[in-house]
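For reference, the structure is listed below as structure tokens.
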Amino acid sequence: MNQRLLPGFTLGKHNIDVPLVLAPMAGITDLPFRRICKPFGVGLVVTEMIASRAVDMGRERTERMAELGDDEHPASIQVAGSDPEFVSEAARWAVGHGADFVDINMGCPVKKICKQTAGSAMLKDEALVARVLEAVVKAVEVPVTLKIRTGWDEPSKNVTNIARIAEECGIQMLTVHGRTRAQMFHGHANWEDIGLAKDAVSIPVIGNGDVVDGESAREMIRISNCDGVMVGRAVQGNPWVLGEVYAALMGLPQPTRPTAEQRWTIVIEHMQHLAEHHGIRRASKLARKHIIWYSKGLRGSADFRSHFQVMADWQQMLDFAETYFLSLCEDAHLEHTTEPHIAA
Ligand SMILES: Cc1cc2nc3c(=O)[nH]c(=O)nc-3n(C[C@H](O)[C@H](O)[C@H](O)COP(=O)(O)O)c2cc1C
């Protein structure tokens with residue numbers, strides 16, 4: 001019998017059987033990317049963050065960001081903002097767009113967001129956190145979840161307080177990225193701090209930060225006692241890392257890493273989804289970073305990148321990438337890099 005590490009949990013009327021969550025990443029975890037990731041065993045996907053003010057504008061791009069695939073449910077749409085009214089309106093809008101859960105972002109470290117006291121800047125004002133959470137929980141009937149960092153900076157770290165406030169306000173699942181805002185993406189995530197949140201509340205706590213494979217997932221669970229694992233940057237160009245984390249959670253043997261040919265199959269499927277979802281013009285722009293990530297750490301990738309990154313024509317890009325990936329086919333199994341990298 002395989003020994004599962006985590007039993008899963010319920011969120012409202014939904015059962016999250018596999019507590020493996022794909023991290024929301026702005027500009028990355030769109031529907032095409034999530035479609036590639038989900039089959040590796042992801043139990044819950046979250047859209048990239050949608051600013052609450054963007055909802056009013058009804059822009060086509062905002063609509064596309066919120067689009068959920070039929071096969072993604074139950075799924076979460078993430079909203080951000082600091083005005084309880086605006087965030088509540090965004091939450092209602094998200095439910096209207098098919099969200100089974102609404103996730104609130106209080107972890108984003110980006111200056112532009114923090115300047116409006118949104119994202120991780122919210123953590124400095126616990127009363128405001130409570131007002132926003134209460135308002136959103138009241139505004140929608142679906143479960144509301146929260147994603148945070150451990151605080152603004154080391155001296156003002158308040159992960160325990162925020163976790164308690166969240167639970168008191170009716171939040172049904174909490175994700176903790178084990179870094180303060182001041183840490184941005186530096187150093188290593190503090191998994192003990194995720195454990196502080198876990199000890200403080202009885203709602204499911206998802207651990208996040210620096211999980212790059214099955215072993216690191218196991219270690220995060222051991223240290224923090226979290227109920228689920230969220231993986232972000234390690235998945236860029238390496239979606240099969242999710243399969244490794246899935247195997248660790250389910251107590252299964254670690255899968256082998258894909259061959260060059262299997263890797264190309266994933267790349268081309270991803271590109272087809274990108275073109276369908278965004279149209280070729282925008283897909284050509286978005287494809288570049290993904291294909292470069294897929295090539296990272298492979299033989300001859302620096303040379304490949306130097307030619308590839310100046311290409312703009314969709315078909316030329318795909319042909320060039322195909323020639324490169326298939327030229328690697330004589331390598332039996334490819335190494336991949338799990339070194340986290342941050343998107344531009
Ligand atoms: C490019 C990029 C975009 C991100 N966008 C979001 C976002 O929209 N919402 C959010 O809650 N977190 C966002 N994050 C944070 C991730 O969800 C995650 O918390 C962080 O990357 C740490 O996890 P990891 O070490 O597994 O990458 C973003 C991270 C990156 C690198």
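Please note that chains go A, B, ... in the order of the structure tokens, that every chain numbers its residues from 1, and that ligands are numbered from 1 in the order shown.
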
*Give as a ChimeraX atom specification the residues surrounding ligand 1 up to a distance of 8 Å, considering only C-alpha atoms and all ligand atoms.*
/A:23-28,47-50,78,104-108,147-149,176-178,185,189,208-212,230-235,340-344

Could those residues be written to a file, using N, CA and C atoms, as a CSV table (one decimal), in the first residue's frame?
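That gives us selection.csv:
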chain,number,residue,atom,x,y,z
A,23,ALA,N,0.7,27.5,-8.1
A,23,ALA,CA,0.7,28.9,-7.7
A,23,ALA,C,0.2,29.9,-8.7
A,24,PRO,N,-0.5,30.9,-8.3
A,24,PRO,CA,-0.9,32.0,-9.3
A,24,PRO,C,0.4,32.8,-9.6
A,25,MET,N,0.6,33.0,-10.9
A,25,MET,CA,1.8,33.8,-11.3
A,25,MET,C,1.3,34.7,-12.4
A,26,ALA,N,1.3,36.0,-12.2
A,26,ALA,CA,0.9,37.0,-13.1
A,26,ALA,C,1.7,36.9,-14.4
A,27,GLY,N,1.0,36.8,-15.5
A,27,GLY,CA,1.7,36.8,-16.8
A,27,GLY,C,2.2,35.4,-17.2
A,28,ILE,N,1.9,34.4,-16.3
A,28,ILE,CA,2.4,33.0,-16.6
A,28,ILE,C,1.3,32.0,-16.5
A,47,THR,N,-6.2,31.3,-10.8
A,47,THR,CA,-5.8,32.2,-11.9
A,47,THR,C,-4.8,33.2,-11.4
A,48,GLU,N,-4.1,33.9,-12.3
A,48,GLU,CA,-3.3,35.0,-11.9
A,48,GLU,C,-4.1,36.1,-11.3
A,49,MET,N,-3.4,36.9,-10.5
A,49,MET,CA,-4.1,38.0,-9.8
A,49,MET,C,-4.9,39.0,-10.7
A,50,ILE,N,-6.1,39.3,-10.4
A,50,ILE,CA,-6.9,40.3,-11.1
A,50,ILE,C,-7.1,41.5,-10.2
A,78,GLN,N,-8.3,34.6,-8.5
A,78,GLN,CA,-7.7,35.4,-7.5
A,78,GLN,C,-7.9,36.9,-7.7
A,104,ILE,N,-8.0,35.8,-2.3
A,104,ILE,CA,-7.6,37.2,-2.1
A,104,ILE,C,-6.1,37.2,-2.0
A,105,ASN,N,-5.5,38.1,-2.7
A,105,ASN,CA,-4.0,38.2,-2.7
A,105,ASN,C,-3.6,39.3,-1.7
A,106,MET,N,-2.9,38.8,-0.7
A,106,MET,CA,-2.2,39.8,0.2
A,106,MET,C,-0.8,39.4,0.3
A,107,GLY,N,-0.2,39.0,-0.8
A,107,GLY,CA,1.2,38.5,-0.8
A,107,GLY,C,2.0,39.2,-1.8
A,108,CYS,N,1.4,39.9,-2.8
A,108,CYS,CA,2.1,40.5,-3.9
A,108,CYS,C,3.1,41.5,-3.4
A,147,LYS,N,-4.3,34.4,0.4
A,147,LYS,CA,-2.8,34.1,0.2
A,147,LYS,C,-2.0,35.2,0.7
A,148,ILE,N,-1.1,34.9,1.6
A,148,ILE,CA,-0.3,35.9,2.3
A,148,ILE,C,1.2,35.6,2.2
A,149,ARG,N,2.0,36.6,2.5
A,149,ARG,CA,3.4,36.4,3.0
A,149,ARG,C,3.4,36.3,4.5
A,176,VAL,N,0.3,30.3,2.7
A,176,VAL,CA,1.4,31.1,3.3
A,176,VAL,C,2.7,30.9,2.5
A,177,HIS,N,3.1,32.0,1.8
A,177,HIS,CA,4.4,32.0,1.2
A,177,HIS,C,5.4,32.4,2.3
A,178,GLY,N,6.3,31.5,2.6
A,178,GLY,CA,7.2,31.7,3.8
A,178,GLY,C,8.3,32.7,3.7
A,185,PHE,N,12.1,37.9,-3.2
A,185,PHE,CA,12.3,36.4,-3.5
A,185,PHE,C,13.7,36.0,-3.1
A,189,ALA,N,12.7,30.4,1.6
A,189,ALA,CA,11.4,30.5,2.3
A,189,ALA,C,11.5,29.9,3.7
A,208,ASN,N,3.9,27.4,0.9
A,208,ASN,CA,4.4,27.8,-0.4
A,208,ASN,C,5.8,28.5,-0.2
A,209,GLY,N,6.6,28.2,-1.2
A,209,GLY,CA,7.9,28.9,-1.3
A,209,GLY,C,9.0,27.9,-1.4
A,210,ASP,N,9.6,27.8,-2.6
A,210,ASP,CA,10.9,27.1,-2.8
A,210,ASP,C,10.7,25.6,-2.8
A,211,VAL,N,9.5,25.1,-3.1
A,211,VAL,CA,9.3,23.7,-3.4
A,211,VAL,C,9.7,23.5,-4.9
A,212,VAL,N,10.7,22.6,-5.1
A,212,VAL,CA,11.2,22.4,-6.5
A,212,VAL,C,11.1,21.0,-6.9
A,230,MET,N,1.9,24.3,-2.5
A,230,MET,CA,1.7,25.2,-3.7
A,230,MET,C,3.1,25.3,-4.3
A,231,VAL,N,3.1,25.1,-5.6
A,231,VAL,CA,4.4,25.2,-6.4
A,231,VAL,C,4.3,26.3,-7.5
A,232,GLY,N,5.3,27.2,-7.5
A,232,GLY,CA,5.3,28.2,-8.5
A,232,GLY,C,6.4,28.2,-9.5
A,233,ARG,N,7.5,28.9,-9.2
A,233,ARG,CA,8.6,29.2,-10.1
A,233,ARG,C,9.2,27.9,-10.7
A,234,ALA,N,9.3,26.9,-9.9
A,234,ALA,CA,10.0,25.6,-10.3
A,234,ALA,C,9.3,25.0,-11.5
A,235,VAL,N,8.0,25.4,-11.7
A,235,VAL,CA,7.2,24.8,-12.8
A,235,VAL,C,7.4,25.5,-14.1
A,340,PRO,N,14.9,28.0,-9.0
A,340,PRO,CA,13.8,28.9,-9.3
A,340,PRO,C,14.3,30.1,-10.1
A,341,HIS,N,13.5,30.6,-11.0
A,341,HIS,CA,13.9,31.8,-11.7
A,341,HIS,C,12.6,32.7,-11.7
A,342,ILE,N,12.9,34.0,-11.7
A,342,ILE,CA,11.8,34.9,-11.6
A,342,ILE,C,11.6,35.6,-13.0
A,343,ALA,N,10.3,35.6,-13.4
A,343,ALA,CA,10.0,36.2,-14.7
A,343,ALA,C,10.3,37.7,-14.7
A,344,ALA,N,10.6,38.1,-15.9
A,344,ALA,CA,10.9,39.6,-16.0
A,344,ALA,C,9.7,40.3,-15.7

Determine, using only C-alpha atoms, which residues of stretch 192-283 of chain A have any atom at most 12 Å from an atom of stretch 157-170 of chain A, and tabulate each with its shortest atom pair and distance in Å to one decimal place, rows ordered by chain and then rising number, as JSON lines.
{"residue": "A:Glu192", "atom": "CA", "partner": "A:Val159", "partner_atom": "CA", "distance": 11.1}
{"residue": "A:Asp193", "atom": "CA", "partner": "A:Val159", "partner_atom": "CA", "distance": 7.3}
{"residue": "A:Ile194", "atom": "CA", "partner": "A:Val159", "partner_atom": "CA", "distance": 8.0}
{"residue": "A:Gly195", "atom": "CA", "partner": "A:Thr160", "partner_atom": "CA", "distance": 9.4}
{"residue": "A:Leu196", "atom": "CA", "partner": "A:Thr160", "partner_atom": "CA", "distance": 6.0}
{"residue": "A:Ala197", "atom": "CA", "partner": "A:Thr160", "partner_atom": "CA", "distance": 5.1}
{"residue": "A:Lys198", "atom": "CA", "partner": "A:Ala163", "partner_atom": "CA", "distance": 8.2}
{"residue": "A:Asp199", "atom": "CA", "partner": "A:Thr160", "partner_atom": "CA", "distance": 8.4}
{"residue": "A:Ala200", "atom": "CA", "partner": "A:Thr160", "partner_atom": "CA", "distance": 6.1}
{"residue": "A:Val201", "atom": "CA", "partner": "A:Arg164", "partner_atom": "CA", "distance": 6.1}
{"residue": "A:Ser202", "atom": "CA", "partner": "A:Glu167", "partner_atom": "CA", "distance": 7.9}
{"residue": "A:Ile203", "atom": "CA", "partner": "A:Glu167", "partner_atom": "CA", "distance": 6.9}
{"residue": "A:Pro204", "atom": "CA", "partner": "A:Glu167", "partner_atom": "CA", "distance": 10.0}
{"residue": "A:Val205", "atom": "CA", "partner": "A:Ala163", "partner_atom": "CA", "distance": 9.1}
{"residue": "A:Ile206", "atom": "CA", "partner": "A:Ala163", "partner_atom": "CA", "distance": 11.7}

Write a file of the just-selected residues containing N, CA and C atoms, as a PDB file, in the first residue's frame.
ATOM      1  N   GLU A 192       9.289  27.058   8.762  1.00  0.00           N
ATOM      2  CA  GLU A 192       8.826  27.068  10.166  1.00  0.00           C
ATOM      3  C   GLU A 192       7.713  28.105  10.327  1.00  0.00           C
ATOM      4  N   ASP A 193       7.835  29.238   9.624  1.00  0.00           N
ATOM      5  CA  ASP A 193       6.815  30.288   9.739  1.00  0.00           C
ATOM      6  C   ASP A 193       5.475  29.831   9.175  1.00  0.00           C
ATOM      7  N   ILE A 194       5.519  28.953   8.189  1.00  0.00           N
ATOM      8  CA  ILE A 194       4.266  28.389   7.671  1.00  0.00           C
ATOM      9  C   ILE A 194       3.631  27.561   8.795  1.00  0.00           C
ATOM     10  N   GLY A 195       4.486  26.876   9.538  1.00  0.00           N
ATOM     11  CA  GLY A 195       4.026  26.067  10.681  1.00  0.00           C
ATOM     12  C   GLY A 195       3.369  26.927  11.764  1.00  0.00           C
ATOM     13  N   LEU A 196       3.822  28.175  11.919  1.00  0.00           N
ATOM     14  CA  LEU A 196       3.195  29.061  12.919  1.00  0.00           C
ATOM     15  C   LEU A 196       1.734  29.304  12.556  1.00  0.00           C
ATOM     16  N   ALA A 197       1.500  29.517  11.263  1.00  0.00           N
ATOM     17  CA  ALA A 197       0.116  29.717  10.810  1.00  0.00           C
ATOM     18  C   ALA A 197      -0.688  28.437  11.025  1.00  0.00           C
ATOM     19  N   LYS A 198      -0.089  27.324  10.685  1.00  0.00           N
ATOM     20  CA  LYS A 198      -0.786  26.031  10.820  1.00  0.00           C
ATOM     21  C   LYS A 198      -1.200  25.789  12.275  1.00  0.00           C
ATOM     22  N   ASP A 199      -0.284  26.128  13.211  1.00  0.00           N
ATOM     23  CA  ASP A 199      -0.590  25.910  14.632  1.00  0.00           C
ATOM     24  C   ASP A 199      -1.688  26.844  15.127  1.00  0.00           C
ATOM     25  N   ALA A 200      -1.844  27.992  14.445  1.00  0.00           N
ATOM     26  CA  ALA A 200      -2.759  29.020  14.960  1.00  0.00           C
ATOM     27  C   ALA A 200      -4.205  28.809  14.539  1.00  0.00           C
ATOM     28  N   VAL A 201      -4.435  28.029  13.493  1.00  0.00           N
ATOM     29  CA  VAL A 201      -5.803  27.930  12.958  1.00  0.00           C
ATOM     30  C   VAL A 201      -6.202  26.482  12.671  1.00  0.00           C
ATOM     31  N   SER A 202      -7.499  26.296  12.435  1.00  0.00           N
ATOM     32  CA  SER A 202      -7.913  24.928  12.100  1.00  0.00           C
ATOM     33  C   SER A 202      -8.348  24.803  10.636  1.00  0.00           C
ATOM     34  N   ILE A 203      -8.316  25.898   9.880  1.00  0.00           N
ATOM     35  CA  ILE A 203      -8.602  25.794   8.437  1.00  0.00           C
ATOM     36  C   ILE A 203      -7.369  25.223   7.740  1.00  0.00           C
ATOM     37  N   PRO A 204      -7.533  24.634   6.532  1.00  0.00           N
ATOM     38  CA  PRO A 204      -6.360  24.105   5.834  1.00  0.00           C
ATOM     39  C   PRO A 204      -5.348  25.209   5.518  1.00  0.00           C
ATOM     40  N   VAL A 205      -4.085  24.890   5.746  1.00  0.00           N
ATOM     41  CA  VAL A 205      -2.995  25.823   5.446  1.00  0.00           C
ATOM     42  C   VAL A 205      -2.131  25.202   4.347  1.00  0.00           C
ATOM     43  N   ILE A 206      -1.958  25.975   3.278  1.00  0.00           N
ATOM     44  CA  ILE A 206      -1.130  25.517   2.162  1.00  0.00           C
ATOM     45  C   ILE A 206       0.243  26.174   2.282  1.00  0.00           C
TER      46      ILE A 206
END

*Please identify which residues in stretch 62-218 of chain A DSSP calls strand (DSSP E or B) from the backbone, and express them as a ChimeraX atom specification.*
/A:76-80,101-106,144-149,173-177,205-208

*All helix (DSSP H, G or I) positions in stretch 117-321 of chain A, as a PyMOL selection string*: chain A and resi 119-124+126-139+159-168+191-200+214-224+233-235+241-250+260-278+280-295+301-308+314-321

_So that I can check the surroundings of stretch 319-329 of chain A, please list as a ChimeraX atom specification every protein, DNA and RNA residue that reaches within 9 Å of it, counting only C-alpha atoms and ignoring chain neighbours fewer than 6 positions away._
/A:259-261,263-264,268,291,295,298-301,304,307-308

Selection from above, C-alpha atoms, as a PDB file, in the first residue's frame, can you write it?
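The resulting part.pdb:
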ATOM      1  CA  THR A 259      12.986  12.661 -22.868  1.00  0.00           C
ATOM      2  CA  ALA A 260      13.650  15.436 -25.389  1.00  0.00           C
ATOM      3  CA  GLU A 261      10.870  14.093 -27.583  1.00  0.00           C
ATOM      4  CA  ARG A 263       9.490  17.506 -23.729  1.00  0.00           C
ATOM      5  CA  TRP A 264       8.842  18.777 -27.244  1.00  0.00           C
ATOM      6  CA  ILE A 268       4.093  22.185 -28.816  1.00  0.00           C
ATOM      7  CA  ILE A 291      10.227  28.192 -24.768  1.00  0.00           C
ATOM      8  CA  SER A 295      15.292  24.964 -22.968  1.00  0.00           C
ATOM      9  CA  LEU A 298      19.733  21.656 -21.868  1.00  0.00           C
ATOM     10  CA  ARG A 299      22.725  20.997 -24.113  1.00  0.00           C
ATOM     11  CA  GLY A 300      23.378  23.947 -26.428  1.00  0.00           C
ATOM     12  CA  SER A 301      20.585  26.035 -24.886  1.00  0.00           C
ATOM     13  CA  PHE A 304      19.617  28.222 -29.055  1.00  0.00           C
ATOM     14  CA  HIS A 307      19.113  32.933 -31.993  1.00  0.00           C
ATOM     15  CA  PHE A 308      15.617  32.249 -30.725  1.00  0.00           C
TER      16      PHE A 308
END

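Restricting the calculation to only C-alpha atoms, the smallest distance between A:Leu274 and any of A:Val110, A:Ala51, A:Leu31, A:Val229 is found for A:Leu31.
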
Any idea what's packed within 9 Å of A:Lys296, counting only C-alpha atoms, ignoring anything in its chain fewer than 3 positions away? Could you give it as a PDB file with C-alpha atoms, in the first residue's frame?
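This is the output file part_12.pdb:
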ATOM      1  CA  GLY A 237       9.667  25.308 -18.181  1.00  0.00           C
ATOM      2  CA  ILE A 291      10.227  28.192 -24.768  1.00  0.00           C
ATOM      3  CA  ILE A 292      13.367  29.723 -23.307  1.00  0.00           C
ATOM      4  CA  TRP A 293      12.437  28.255 -19.909  1.00  0.00           C
ATOM      5  CA  ARG A 299      22.725  20.997 -24.113  1.00  0.00           C
ATOM      6  CA  SER A 301      20.585  26.035 -24.886  1.00  0.00           C
ATOM      7  CA  ALA A 302      22.618  29.251 -24.666  1.00  0.00           C
ATOM      8  CA  ARG A 305      18.425  31.169 -26.939  1.00  0.00           C
ATOM      9  CA  HIS A 336      16.229  19.777 -15.862  1.00  0.00           C
ATOM     10  CA  THR A 337      17.028  22.739 -13.743  1.00  0.00           C
TER      11      THR A 337
END

*Pick out the closest residue to A:Leu6 from this set: A:Leu22, A:Val140, A:Met250, A:Val95. Count only C-alpha atoms.*
A:Met250

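Distance-wise, atom CA of A:Gly69 and atom CA of A:Tyr294 end up 23.4 Å apart.
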
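The coordinates place atom CA of A:Val137 at 18.5 Å from atom CA of A:Arg53.
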
*For A:Ile77, which residue out of A:Ala90, A:Val241, A:Val267, A:Met311 is the nearest one, using only C-alpha atoms?*
A:Ala90

*Any idea what's packed within 9 Å of A:Ile221, counting only C-alpha atoms, ignoring anything in its chain fewer than 6 positions away? Could you give it as an MDAnalysis selection string?*
chainID A and resid 5:6 191 207 227:229

Output file for the residues above (C-alpha atoms, as a PDB file, in the first residue's frame):
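Result file is selection25.pdb:
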ATOM      1  CA  LEU A   5       1.525  12.082   2.960  1.00  0.00           C
ATOM      2  CA  LEU A   6      -1.570  14.296   3.006  1.00  0.00           C
ATOM      3  CA  TRP A 191       8.906  26.819   6.335  1.00  0.00           C
ATOM      4  CA  GLY A 207       2.643  25.898   2.314  1.00  0.00           C
ATOM      5  CA  ASP A 227      -2.152  20.564   4.646  1.00  0.00           C
ATOM      6  CA  GLY A 228      -1.132  21.164   1.054  1.00  0.00           C
ATOM      7  CA  VAL A 229       1.706  22.335  -1.129  1.00  0.00           C
TER       8      VAL A 229
END

*Find the residue from A:Ser224, A:Gln116, A:Ser216, A:Thr62 that sits nearest to A:Tyr246; use only C-alpha atoms when measuring.*
A:Ser216

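The space between atom CA of A:Ala91 and atom CA of A:Ser52 spans 8.2 Å.
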
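Residue nearest A:Lys289 within the list A:Gln236, A:Thr256, A:Pro155, A:Glu269: A:Gln236 [criterion: smallest interatomic distance, only C-alpha atoms].
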
*Leaving out A:Arg181 and any residue of its chain fewer than 4 positions from it, which residues lie within 7 Å of it when counting only C-alpha atoms, given as a ChimeraX atom specification?*
/A:109,120,149,151-153

For the residues in that selection, give me N, CA and C atoms as a PDB file, in the first residue's frame.
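Below is the file that was written, out20.pdb:
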ATOM      1  N   PRO A 109       4.418  41.397  -3.731  1.00  0.00           N
ATOM      2  CA  PRO A 109       5.402  42.347  -3.227  1.00  0.00           C
ATOM      3  C   PRO A 109       5.670  43.528  -4.173  1.00  0.00           C
ATOM      4  N   SER A 120       0.940  42.595  -0.469  1.00  0.00           N
ATOM      5  CA  SER A 120       1.534  42.344   0.854  1.00  0.00           C
ATOM      6  C   SER A 120       1.518  43.580   1.751  1.00  0.00           C
ATOM      7  N   ARG A 149       2.016  36.583   2.539  1.00  0.00           N
ATOM      8  CA  ARG A 149       3.399  36.354   2.961  1.00  0.00           C
ATOM      9  C   ARG A 149       3.387  36.342   4.493  1.00  0.00           C
ATOM     10  N   GLY A 151       4.564  38.463   6.549  1.00  0.00           N
ATOM     11  CA  GLY A 151       4.491  39.794   7.147  1.00  0.00           C
ATOM     12  C   GLY A 151       5.153  40.787   6.220  1.00  0.00           C
ATOM     13  N   TRP A 152       5.214  42.033   6.659  1.00  0.00           N
ATOM     14  CA  TRP A 152       5.830  43.068   5.816  1.00  0.00           C
ATOM     15  C   TRP A 152       7.360  42.944   5.867  1.00  0.00           C
ATOM     16  N   ASP A 153       7.885  42.887   7.087  1.00  0.00           N
ATOM     17  CA  ASP A 153       9.332  42.674   7.242  1.00  0.00           C
ATOM     18  C   ASP A 153       9.566  41.878   8.520  1.00  0.00           C
TER      19      ASP A 153
END
